[in-house]
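Data first, discussion second: the structure below is written as C-alpha cells.
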Amino acid sequence: MIKKLLTLRIILLAITGGIFCWFAFQTVREGWKYVRLDAQATVSDVKWEVKMLSSSHYALFATYCYMVNGQEFIGQTLFSTPCYPNHYVAENDLKDRLEKKIETWYQKKHPAFSSLQKKFPKKELTNTILTFGVLIYFYLIHGLMSNRLFSEISES
C-alpha cells in the first residue's frame, strides 16, 4: 500500500515539476521582454485596428512610427490587455486612446524592438511561485513517505 502511495507521489512530483518548468519558462520569456524595453520615444503616425482573437475576445492592434537618433522605425503592437468582449467596446476605448499622447518602449541597443505596452509578468510570476509551492509540498510528502516506508521495512 505504501509503495503505491510512494509511486503516486513520485508521479505527482514529476507532473508538478513539468508544470513548474513550463510556468518558469513563460515567466523568464515575458520578464526578458519587460527588461529589454529600457527607453522611450514619442510615436507618430499611428494606425489602429480592432482585431478579433475569438468570437468574444477583441484586442487593439497598432502600427506606428518612431524616431531614435534620427532614424525612423516602424513598430507593431497587439495589446494583450485589456481584452474586450465585443468590437463596440474596443472601438470606444480606441476613441479615448486617440486623444492621448503615445509613447513607445524600445530597446536601446536594438531600437527596432519596440512595444506600446510594457507589462510586468505578474500573472506568470504568480503561477510560477504557486506551482513551486506545490512542487515543494509534493517533495516533502515524498520524503515523509520514503522515511515511513524505510522505518516499516526495518521494523519487520
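Here, A, B, ... name the chains of the C-alpha cells in the order displayed, residue numbers run from 1 inside each chain, and ligands are numbered from 1 in the same displayed order.
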Legend entry - DSSP alpha helix (DSSP H) residues within chain A, as JSON, numbers by chain: {"A": [2, 3, 4, 5, 6, 7, 8, 9, 10, 11, 12, 13, 14, 15, 16, 17, 18, 19, 20, 21, 22, 23, 24, 25, 26, 27, 28, 29, 30, 31, 32, 33, 34, 35, 36, 87, 88, 89, 90, 91, 92, 93, 94, 95, 96, 97, 98, 122, 123, 124, 125, 126, 127, 128, 129, 130, 131, 132, 133, 134, 135, 136, 137, 138, 139, 140, 141, 142, 143, 144, 145, 146, 147, 148, 149, 150, 151, 152, 153, 154, 155]}
For the residues in the current selection, export C-alpha atoms as an mmCIF file, in the first residue's frame.
```
data_model
loop_
_atom_site.group_PDB
_atom_site.id
_atom_site.type_symbol
_atom_site.label_atom_id
_atom_site.label_comp_id
_atom_site.auth_asym_id
_atom_site.auth_seq_id
_atom_site.Cartn_x
_atom_site.Cartn_y
_atom_site.Cartn_z
ATOM 1 C CA ILE A 2 2.745 2.437 0.936
ATOM 2 C CA LYS A 3 4.680 1.562 -2.231
ATOM 3 C CA LYS A 4 1.621 2.513 -4.318
ATOM 4 C CA LEU A 5 1.331 5.807 -2.433
ATOM 5 C CA LEU A 6 5.024 6.424 -2.932
ATOM 6 C CA THR A 7 4.647 5.774 -6.667
ATOM 7 C CA LEU A 8 1.677 8.159 -6.792
ATOM 8 C CA ARG A 9 3.685 10.855 -5.011
ATOM 9 C CA ILE A 10 6.571 10.433 -7.451
ATOM 10 C CA ILE A 11 4.172 10.739 -10.393
ATOM 11 C CA LEU A 12 2.603 13.876 -8.883
ATOM 12 C CA LEU A 13 6.067 15.283 -8.247
ATOM 13 C CA ALA A 14 7.062 14.686 -11.878
ATOM 14 C CA ILE A 15 3.864 16.252 -13.256
ATOM 15 C CA THR A 16 4.168 19.253 -10.958
ATOM 16 C CA GLY A 17 7.836 19.611 -11.911
ATOM 17 C CA GLY A 18 6.899 19.725 -15.591
ATOM 18 C CA ILE A 19 4.191 22.323 -14.970
ATOM 19 C CA PHE A 20 6.627 24.362 -12.875
ATOM 20 C CA CYS A 21 9.193 24.297 -15.700
ATOM 21 C CA TRP A 22 6.547 25.493 -18.183
ATOM 22 C CA PHE A 23 5.472 28.401 -15.957
ATOM 23 C CA ALA A 24 9.099 29.288 -15.193
ATOM 24 C CA PHE A 25 9.870 29.384 -18.924
ATOM 25 C CA GLN A 26 6.914 31.704 -19.545
ATOM 26 C CA THR A 27 7.986 33.956 -16.665
ATOM 27 C CA VAL A 28 11.547 34.212 -17.954
ATOM 28 C CA ARG A 29 10.353 34.874 -21.527
ATOM 29 C CA GLU A 30 7.922 37.627 -20.507
ATOM 30 C CA GLY A 31 10.370 39.036 -17.956
ATOM 31 C CA TRP A 32 13.048 39.262 -20.639
ATOM 32 C CA LYS A 33 10.667 41.236 -22.854
ATOM 33 C CA TYR A 34 9.931 43.546 -19.926
ATOM 34 C CA VAL A 35 13.602 44.140 -19.082
ATOM 35 C CA ARG A 36 14.643 44.686 -22.711
ATOM 36 C CA HIS A 87 -15.984 45.169 -31.181
ATOM 37 C CA TYR A 88 -18.071 48.086 -29.906
ATOM 38 C CA VAL A 89 -16.309 48.284 -26.518
ATOM 39 C CA ALA A 90 -12.899 48.084 -28.194
ATOM 40 C CA GLU A 91 -13.815 50.947 -30.548
ATOM 41 C CA ASN A 92 -14.911 53.107 -27.594
ATOM 42 C CA ASP A 93 -11.598 52.527 -25.829
ATOM 43 C CA LEU A 94 -9.796 53.283 -29.066
ATOM 44 C CA LYS A 95 -11.502 56.717 -29.227
ATOM 45 C CA ASP A 96 -10.091 57.501 -25.770
ATOM 46 C CA ARG A 97 -6.599 56.415 -26.819
ATOM 47 C CA LEU A 98 -6.655 58.642 -29.917
ATOM 48 C CA LYS A 122 2.674 39.351 -12.645
ATOM 49 C CA LYS A 123 0.397 36.504 -13.667
ATOM 50 C CA GLU A 124 3.243 34.342 -14.939
ATOM 51 C CA LEU A 125 5.344 35.021 -11.828
ATOM 52 C CA THR A 126 2.414 34.221 -9.529
ATOM 53 C CA ASN A 127 1.766 30.940 -11.366
ATOM 54 C CA THR A 128 5.446 30.010 -11.081
ATOM 55 C CA ILE A 129 5.601 30.758 -7.359
ATOM 56 C CA LEU A 130 2.385 28.855 -6.608
ATOM 57 C CA THR A 131 3.470 25.860 -8.654
ATOM 58 C CA PHE A 132 6.843 25.903 -6.922
ATOM 59 C CA GLY A 133 4.990 25.768 -3.591
ATOM 60 C CA VAL A 134 3.038 22.718 -4.759
ATOM 61 C CA LEU A 135 6.272 21.135 -6.001
ATOM 62 C CA ILE A 136 7.896 21.645 -2.594
ATOM 63 C CA TYR A 137 4.791 20.179 -0.928
ATOM 64 C CA PHE A 138 4.935 17.021 -3.062
ATOM 65 C CA TYR A 139 8.684 16.787 -2.495
ATOM 66 C CA LEU A 140 8.235 16.951 1.282
ATOM 67 C CA ILE A 141 5.412 14.394 1.139
ATOM 68 C CA HIS A 142 7.688 12.146 -0.919
ATOM 69 C CA GLY A 143 10.403 12.467 1.722
ATOM 70 C CA LEU A 144 7.986 11.727 4.560
ATOM 71 C CA MET A 145 6.549 8.712 2.753
ATOM 72 C CA SER A 146 10.057 7.385 1.997
ATOM 73 C CA ASN A 147 11.048 7.702 5.673
ATOM 74 C CA ARG A 148 7.842 5.918 6.763
ATOM 75 C CA LEU A 149 8.419 3.118 4.223
ATOM 76 C CA PHE A 150 12.016 2.601 5.348
ATOM 77 C CA SER A 151 11.028 2.604 9.019
ATOM 78 C CA GLU A 152 8.300 -0.013 8.378
ATOM 79 C CA ILE A 153 10.689 -2.186 6.396
ATOM 80 C CA SER A 154 13.335 -2.016 9.119
ATOM 81 C CA GLU A 155 10.780 -2.865 11.834
#
```
Mind the document's chain letters and residue numbers, and return as a CSV table (one decimal) with C-alpha atoms, in the first residue's frame the residues of region 3-55 of chain A that DSSP labels strand (DSSP E or B).
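File part-v9.csv, as written:
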```csv
chain,number,residue,atom,x,y,z
A,39,ALA,CA,13.9,53.5,-23.3
A,40,GLN,CA,11.0,55.6,-24.6
A,41,ALA,CA,10.3,57.6,-27.7
A,42,THR,CA,7.3,59.7,-28.9
A,43,VAL,CA,5.2,57.9,-31.5
A,44,SER,CA,4.0,59.5,-34.7
A,45,ASP,CA,1.6,58.2,-37.4
A,46,VAL,CA,-0.3,55.6,-35.5
A,47,LYS,CA,-2.8,53.3,-37.4
A,48,TRP,CA,-5.2,51.5,-35.0
A,49,GLU,CA,-7.2,48.4,-35.7
A,50,VAL,CA,-9.5,46.2,-33.6
A,51,LYS,CA,-8.5,42.5,-34.0
A,52,MET,CA,-10.9,39.7,-33.3
A,53,LEU,CA,-9.0,37.0,-31.3
A,54,SER,CA,-12.1,34.8,-30.9
```
Legend entry - Which of A:Ile74, A:Lys119, A:Ala62, A:Leu37 sits closest to Gln107 (chain A) [using only C-alpha atoms]: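 Distance minimum relative to Gln107 (chain A) lands on A:Leu37.
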